Structure formats: C-alpha cells, structure tokens
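Report on the following structure.
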Amino acid sequence: MVEKANKHDVRRLGVSEADKVIHITRLRFRDDVPFLIEHSYYPYPQYEFLLHHNLSGSVYAILKEELGLVPVRSERSVEIVYATAEQAQLLGVPKGAALFLMRMVVYDDQDRPVHHNIVYLDGGTYRFSW
C-alpha cells in the first residue's frame with residue numbers, strides 16, 4: 001500500500017514529509033508456524049515495482065532482479081515489547097506475551113537507505129546470537 005511518509009520514514013529513509021512510501025506488511029512463518037510480523041517501508045515511486053510482485057518470498061531477490069541492487073549493510077536496534085491483541089492473534093501467543101521489536105534501516109552500496117523495517121518477533125521462539 002502507498003501512504004504518506006511519517007516522521008519515522010523521514011528520519012530513516014531521508015524522504016520529505018510531502019513524499020509517499022510503500023508500506024508492506026508480511027506475516028512470516030517457520031515450519032508453518034507464524035513467528036514474526038514485518039512492516040517494511042520503501043521510498044515511493046522508486047520502488048513502485050514491488051507493488052506488482054508476489055512478496056511471499058525474498059524481496060531482496062526481487063530488488064536484485066529489478067535493479068541489480070544488493071543491500072550491503074544495516075543498522076538495527078532490538079527491544080522488548082508486549083503483544084497487543086492483534087499481534088497476539090497473528091502470532092498465536094497470549095496478549096501481553098513478550099515480543100522482540102527490531103527496527104532496522106538497510107542501505108545500498110552507495111550508502112542510500114533502501115528501506116526500513118519494524119519487526120515483531122515471537123519472544124518465546126526466536127533467539128538472537130552475535
């Protein structure tokens with residue numbers, strides 16, 4: 001869906017408040033069990049072609065195919081939040097269950113923001129390791 005850029009889009013993508021972004025929401029599964037809710041925001045109209053693709057697989061494969069673009073780095077933060085009723089229903093966890101909230105900005109080889117994500121991961125089934 002195409003929507004007006006908000007303050008987070010302006011800060012993370014370097015767009016203006018007058019610009020629009022593509023907002024893609026995906027529920028991701030592992031072994032047929034939902035484990036994350038992903039909200040991705042891409043500058044519009046630069047990434048408009050994404051609206052015409054099946055996004056159930058790798059968006060990065062589409063970016064490489066369409067633009068030859070390969071993301072090279074990201075900035076991430078992780079914190080704990082508690083599942084809202086809607087998030088709980090989508091992830092199959094109790095309302096108030098601990099979730100990881102990961103915010104990420106992904107950059108191309110010219111250090112331009114490609115997209116930013118807001119991801120909610122089931123805290124009971126996901127493990128981070130560094």
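Starting from 1 in every chain, residues are counted up; chains themselves are A, B, ... following the order of the structure tokens, and ligands are numbered from 1 as listed.
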
For range 69-79 of chain A, work out the shell of residues within 10 Å, counting only C-alpha atoms and skipping chain neighbours fewer than 2 positions away, then give it as a ChimeraX atom specification. /A:60-67,81,99-120,128

Set the distance at 12 Å and use only C-alpha atoms: which residues neighbour Ala18 in chain A once local chain neighbours fewer than 2 positions away are removed? I'd like the list as a list in words. Glu3, Lys4, Ala5, Asn6, Lys7, Asp9, Val10, Gly14, Val15, Ser16, Lys20, Val21, Pro43 and Tyr44 of chain A

Based on the selection just made, write N, CA, C and O atoms of those residues as a compact mmCIF listing (two decimals), in the first residue's frame.
# COMPACT_ATOMS: atom_id res chain seq x y z
N GLU A 3 1.37 5.10 1.10
CA GLU A 3 0.86 6.01 2.13
C GLU A 3 1.79 7.21 2.29
O GLU A 3 2.94 7.18 1.83
N LYS A 4 1.30 8.22 2.94
CA LYS A 4 2.08 9.42 3.19
C LYS A 4 3.22 9.09 4.16
O LYS A 4 3.03 8.35 5.12
N ALA A 5 4.39 9.66 3.89
CA ALA A 5 5.53 9.43 4.77
C ALA A 5 5.26 10.04 6.14
O ALA A 5 4.70 11.13 6.25
N ASN A 6 5.67 9.32 7.18
CA ASN A 6 5.53 9.85 8.54
C ASN A 6 6.91 10.26 9.06
O ASN A 6 7.92 10.13 8.35
N LYS A 7 6.98 10.70 10.29
CA LYS A 7 8.25 11.21 10.84
C LYS A 7 9.33 10.13 10.88
O LYS A 7 10.52 10.42 10.72
N ASP A 9 9.62 7.61 8.68
CA ASP A 9 10.08 7.46 7.30
C ASP A 9 11.04 8.59 6.93
O ASP A 9 12.07 8.36 6.28
N VAL A 10 10.70 9.80 7.33
CA VAL A 10 11.54 10.97 7.03
C VAL A 10 12.92 10.77 7.65
O VAL A 10 13.95 10.94 6.98
N GLY A 14 15.23 9.35 4.73
CA GLY A 14 15.69 10.60 4.14
C GLY A 14 14.71 11.19 3.15
O GLY A 14 15.09 11.99 2.29
N VAL A 15 13.44 10.81 3.23
CA VAL A 15 12.41 11.38 2.38
C VAL A 15 11.84 12.62 3.07
O VAL A 15 12.13 12.88 4.23
N SER A 16 11.01 13.37 2.35
CA SER A 16 10.39 14.54 2.96
C SER A 16 8.99 14.19 3.43
O SER A 16 8.43 13.16 3.04
N LYS A 20 5.75 10.03 -0.39
CA LYS A 20 4.99 8.83 -0.06
C LYS A 20 5.95 7.65 0.08
O LYS A 20 7.08 7.69 -0.41
N VAL A 21 5.49 6.63 0.77
CA VAL A 21 6.25 5.40 0.93
C VAL A 21 5.36 4.21 0.61
O VAL A 21 4.13 4.30 0.68
N PRO A 43 10.90 3.89 -0.23
CA PRO A 43 10.57 5.16 -0.88
C PRO A 43 9.73 4.92 -2.14
O PRO A 43 10.00 4.01 -2.92
N TYR A 44 8.72 5.76 -2.31
CA TYR A 44 7.85 5.73 -3.49
C TYR A 44 8.15 6.98 -4.30
O TYR A 44 8.34 8.04 -3.72

How far is it from CA of Leu121 in chain A to CA of Ile37 in chain A, in Å with one decimal?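 Answer for the CA of Leu121 in chain A to CA of Ile37 in chain A separation: 6.6 Å.
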
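Those residues in range 15-75 of chain A carrying a DSSP assignment of strand (DSSP E or B), computed from the backbone, are Lys20, Val21, Ile22, His23, Ile24, Thr25, Arg26, Leu27, Arg28, Phe29, Arg30, Val33, Pro34, Phe35, Leu36, Ile37, Glu38, His39, Ser40, Tyr41, Tyr42, Pro43, Tyr44, Arg73, Ser74 and Glu75 of chain A.
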
I'd like to know which of A:Ile22, A:Leu27, A:Leu36, A:Ala83 is closest to His52 in chain A, using only C-alpha atoms.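 When distances to His52 in chain A are compared using only C-alpha atoms, the smallest one comes from A:Ile22.
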
Selected residue, from A:Leu13, A:Val33, A:Ser58, A:Arg28, that lies nearest to Gly92 in chain A when counting only C-alpha atoms: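 When distances to Gly92 in chain A are compared using only C-alpha atoms, the smallest one comes from A:Val33.
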
DSSP alpha helix (DSSP H) residues within chain A, listed as number ranges by chain: A: 7-13, 59-67, 85-91

Residue with smallest distance to Thr25 in chain A - pool A:Tyr41, A:Trp130, A:Tyr82, A:Tyr47, counting only C-alpha atoms: A:Tyr41

Please provide as a VMD selection string all residues within 12 Å of Pro34 in chain A, with the sequence filter that same-chain residues fewer than 5 positions apart are discarded (counting only C-alpha atoms). chain A and resid 26 to 29 87 to 93 120 to 122 124 to 126

Within 9 Å of Leu51 in chain A using only C-alpha atoms, minus same-chain residues under 3 positions, as a ChimeraX atom specification: /A:1-2,22,24,47-48,54-55

Computed interatomic separation between CA of Ala97 in chain A and CA of Ser40 in chain A (Å):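 Going from CA of Ala97 in chain A over to CA of Ser40 in chain A, I get 22.8 Å.
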
Which residue, A:Arg11, A:Ala85, A:Ser129, A:His23, has the smallest gap to Leu50 in chain A when you use only C-alpha atoms?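 Among the listed residues, the smallest separation from Leu50 in chain A belongs to A:His23.
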